[in-house]
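Data block below; observations after.
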Amino acid sequence: MPKRPLFEQLDEVVQAMLVSLEPRPRKAPHHDLAPLAAIALELRLLPRPEFRAALKTELERRTTMNEATAASTAKQAYYLRPGLTSVTPYIVISKAAEFIEFLTAAFGAAERLRVPTPDGKIMHAEVRIGNGAIEIGDANEEYPSAPTDIHLYVDDADRTFERALEAGATSIYRPTDDHPSGDRWGALKDPFGNDWYIATPKHWTAGPEGLPSVQPYLHLREAHHMIPFMEAAFGAEALGVHKSSQGMVLHATMRIGNATLEIDEAHGQYQPKPCHLHVYVPDTDATYQRALGAGATSIEPPRDAPYGDRAAGVKDPFGNSWFIATYQGTH
């Protein structure tokens, strides 16, 4: 029988050690392997019990931390109600059913949800336009009509503008390439008092998530104070702030979660319209407290709403109502 190489014999010794329950392995088959077998034996007996216990404790601690981090990440990924973004305009208006008909005809809105009141009015409705949404409710004594300004990105500003006129809107100015943003941009007023800024990008390309179809647009007095308020209350991020030489906000885009909204200093016919905004956050209670600390006043403290959200409400120093929510259902 040919002589077996030493490395094969060493493999055999090590394998025997690993599977053996005996404190000492069998004697090495070759005297040259004895020192290596002794080293293998020492390695087999490592780590010592103290080290193994410490390692187990550390691994358990890290596993717990990882599970907590994963749970936190999952919570942030699922705090949004399906179909809504982090910030959704909530338009409270008279004749809400007719308003939905207008949105369908003018902008191709798709109705997702309608909850009627006993007298046939709309308690709550949701429509989708592009990749965004608008929530709607009929005005009442507690919540009177509150028109809103919306920046709407579409594939064809001219075509959408004409459809809106046919549906009953009136022109403020027709789409033009001369807008300071560089977009093809027009403006109109719908029959319910809302202003719509209809735009198609001309010199930039949207990211993989697509255009933000629906963006609330707030015209404010002393708009520069709104930026630190939103940062403190909602963790907003200023993506671009353009000011005049006197410090007046000419335009600013603010991001909250996965949504954006725009603000500027009220001017000319573009005056403040205190409106309602529905903002989804990872922690309603913490956001509510931060908003109060930033200068908001309470509309409603946090509570578990019957529709599954943890909900609260505040009014900012500019008169806008923010309905804060964390979705607690399943996706």
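Order determines the names: the first chain of the structure tokens is A, the second B, and so forth; residues in each chain are numbered 1 upward, and ligands are numbered 1 upward as they are shown.
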Using only C-alpha atoms, which residues sit within 9 Å of A:Ala312 once same-chain residues fewer than 6 positions away are excluded, as a list in words?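 Returned residues: Thr284, Asp285, Tyr288, Ser298, Ile299, Glu300, Pro301, Pro302, Arg303, Asp304, Trp322, Phe323, Ile324 and Ala325 of chain A.
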Residues flagged helix (DSSP H, G or I) by DSSP in stretch 200-246 of chain A, as a PyMOL selection string: chain A and resi 223-234
Would you mind exporting the chosen residues as a PDB file, in the first residue's frame, restricted to C-alpha atoms?
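Okay, this is what ended up in result-v3.pdb:
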ATOM      1  CA  ALA A 223     -42.576  82.744   5.671  1.00  0.00           C
ATOM      2  CA  HIS A 224     -38.994  82.529   6.939  1.00  0.00           C
ATOM      3  CA  HIS A 225     -40.404  81.617  10.368  1.00  0.00           C
ATOM      4  CA  MET A 226     -42.178  78.563   8.948  1.00  0.00           C
ATOM      5  CA  ILE A 227     -38.900  76.852   8.050  1.00  0.00           C
ATOM      6  CA  PRO A 228     -37.559  76.466  11.622  1.00  0.00           C
ATOM      7  CA  PHE A 229     -41.066  75.584  12.825  1.00  0.00           C
ATOM      8  CA  MET A 230     -41.351  72.644  10.413  1.00  0.00           C
ATOM      9  CA  GLU A 231     -37.796  71.551  11.161  1.00  0.00           C
ATOM     10  CA  ALA A 232     -38.447  71.510  14.910  1.00  0.00           C
ATOM     11  CA  ALA A 233     -41.984  70.110  14.812  1.00  0.00           C
ATOM     12  CA  PHE A 234     -41.806  67.541  12.008  1.00  0.00           C
TER      13      PHE A 234
END
Go through A:Gly295, A:Gly108, A:Pro147, A:Pro216 one by one, measure the shortest atom-to-atom distance of each to A:Ala252 using only C-alpha atoms, and give the residue with the smallest value.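 Residue with the minimum atom-to-atom distance to A:Ala252: A:Pro216.
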Tell me, in Å to one decimal, how far atom CA of A:Gly257 is from atom CA of A:Tyr153.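 That distance, rounded to one decimal, is 19.0 Å.
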I want to know what sits within 9 Å of A:Leu80, based on only C-alpha atoms, with residues of the same chain fewer than 4 positions away left out; could you give that as a list in words? Gln76, Leu84, Thr85, Ser86, Tyr280, Val281, Pro282, Ala325, Thr326, Tyr327 and Gln328 of chain A
Go through A:Arg174, A:His267, A:Arg128, A:Arg184 and flag the residue nearest A:Phe107, using only C-alpha atoms for the distances.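 Using only C-alpha atoms, A:Phe107 sits closest to A:Arg128.
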Distance atom CA of A:Gln289-atom CA of A:Asp316, one decimal place?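 Computing the Euclidean distance for atom CA of A:Gln289 and atom CA of A:Asp316 yields 12.7 Å.
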